[in-house]
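Okay, structure first, notes after.
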Amino acid sequence: MTTIAIASDHAGYKMKAQIASWLAGNGHEVLDLGCNGPESVDYPDFAAALAAAIGDGRAERGVLICGSGIGISIAANRHPGIRAALVHDVTTARLARQHNDANVVALGARIIGAEIAKDCVDAFLTTGFEGGERHSRRIAKMG
């Protein structure tokens, strides 16, 4: 199995714990980068920690969680080599991998429930990149 980095802000820490436990139960090595409580924190710090873990090879893929998923996905995408996709269902998670070769999935803890989040992460981890000239060309333009 692969090493999955996971991080959240305070709004996502409960869902992060649920997803991390579920991932470990399914045989993945989980690199938990925080946060670990309800005290207010700044999501860009946790997106940066996850981006660094992917960048230096400690993890192959990542899961980020904040209240909406929007802020943490924007923060992650500022880092070279990160293609973070905000997803809300299995279809968007699958397409993020197939068409965009996303290496990070972002979830909104105030938007979707834990079971849908698990389904999204499962689709994200089990779907491959389709490749092909048009998708590869577009990804190459992002750097």
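How things are named: the first chain in the structure tokens is A, the next is B, and so on; residues count from 1 in each chain; ligands count from 1 in the order shown.
If you count only C-alpha atoms and ignore residues fewer than 5 places along the chain from segment 87-93 of chain A, what sits within 6 Å of it is Cys120, Ala123 and Phe124 of chain A.
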In terms of the shortest atom-to-atom distance over only C-alpha atoms, which of A:Val105, A:Ile65, A:Leu23, A:Ile74 is closest to Met1 of chain A? A:Leu23
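With only C-alpha atoms as the atoms that count, the residue of A:Leu86, A:Ile19, A:Ala24, A:Leu33 with the shortest distance to Ala53 of chain A is A:Leu33.
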I need the residues in chain A that are strand (DSSP E or B) according to DSSP; give them as a ChimeraX atom specification. /A:3-8,29-32,61-66,84-86,104-108
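Around Ala48 of chain A, within 8 Å and counting only C-alpha atoms, the residues found are Ala75, Ala76 and His79 of chain A, once anything fewer than 5 positions away on its own chain is removed.
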The selected residues should be written to file as a short mmCIF file (atom, residue, chain, number, x, y, z; two decimals), in the first residue's frame (atoms: C-alpha atoms).
data_model
loop_
_atom_site.label_atom_id
_atom_site.label_comp_id
_atom_site.auth_asym_id
_atom_site.auth_seq_id
_atom_site.Cartn_x
_atom_site.Cartn_y
_atom_site.Cartn_z
CA ALA A 75 -3.28 26.91 -0.36
CA ALA A 76 -2.02 23.49 -1.48
CA HIS A 79 3.12 24.63 -4.04
#
When you count only C-alpha atoms, which of these residues is closest to Leu125 of chain A: A:Ala17, A:Ala109, A:Leu95, A:Ala7? A:Leu95
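Every protein, DNA or RNA residue with an atom at most 8 Å from Leu31 of chain A, where only C-alpha atoms count and chain neighbours fewer than 4 positions away do not, is listed here: Thr3, Ile4, Ala5, Ile6 and Ala59 of chain A.
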Convert the current residue selection to file output with all heavy atoms, as a short mmCIF file (atom, residue, chain, number, x, y, z; two decimals), in the first residue's frame.
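So the final result, stored in part30.cif, reads:
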data_model
loop_
_atom_site.label_atom_id
_atom_site.label_comp_id
_atom_site.auth_asym_id
_atom_site.auth_seq_id
_atom_site.Cartn_x
_atom_site.Cartn_y
_atom_site.Cartn_z
N THR A 3 1.84 5.33 1.07
CA THR A 3 1.81 6.24 2.21
C THR A 3 0.95 7.44 1.81
O THR A 3 1.19 8.08 0.79
CB THR A 3 3.22 6.71 2.59
OG1 THR A 3 3.99 5.56 2.95
CG2 THR A 3 3.18 7.69 3.76
N ILE A 4 -0.02 7.72 2.64
CA ILE A 4 -0.95 8.82 2.41
C ILE A 4 -0.73 9.86 3.50
O ILE A 4 -0.86 9.56 4.69
CB ILE A 4 -2.42 8.34 2.45
CG1 ILE A 4 -2.65 7.11 1.57
CG2 ILE A 4 -3.36 9.49 2.11
CD1 ILE A 4 -2.36 7.30 0.13
N ALA A 5 -0.41 11.09 3.10
CA ALA A 5 -0.32 12.20 4.05
C ALA A 5 -1.72 12.76 4.24
O ALA A 5 -2.49 12.84 3.28
CB ALA A 5 0.63 13.27 3.54
N ILE A 6 -2.02 13.14 5.45
CA ILE A 6 -3.33 13.72 5.74
C ILE A 6 -3.15 14.90 6.69
O ILE A 6 -2.31 14.85 7.60
CB ILE A 6 -4.31 12.66 6.32
CG1 ILE A 6 -5.73 13.19 6.41
CG2 ILE A 6 -3.80 12.10 7.63
CD1 ILE A 6 -6.78 12.12 6.64
N ALA A 59 5.36 10.85 1.24
CA ALA A 59 4.02 10.36 0.89
C ALA A 59 3.82 10.46 -0.61
O ALA A 59 4.38 11.34 -1.26
CB ALA A 59 2.95 11.19 1.62
#
Taking the backbone alone, and naming residues the way the document does, which bits of chain A are alpha helix (DSSP H) by DSSP, as a PyMOL selection string? chain A and resi 13-25+43-55+70-76+90-100+114-126+132-141
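Using only C-alpha atoms, the smallest distance between any of A:Asp42, A:Glu130, A:Asp119, A:Asp56 and Ala11 of chain A comes from A:Asp42.
Non-sequential neighbours of Gly108 of chain A (distance at most 8 Å, separation of 6 or more positions within a chain, only C-alpha atoms) are A:Gly12, A:Ile65, A:Cys66, A:Gly67, A:Ser68, A:Gly69, A:Ile70, A:His88.
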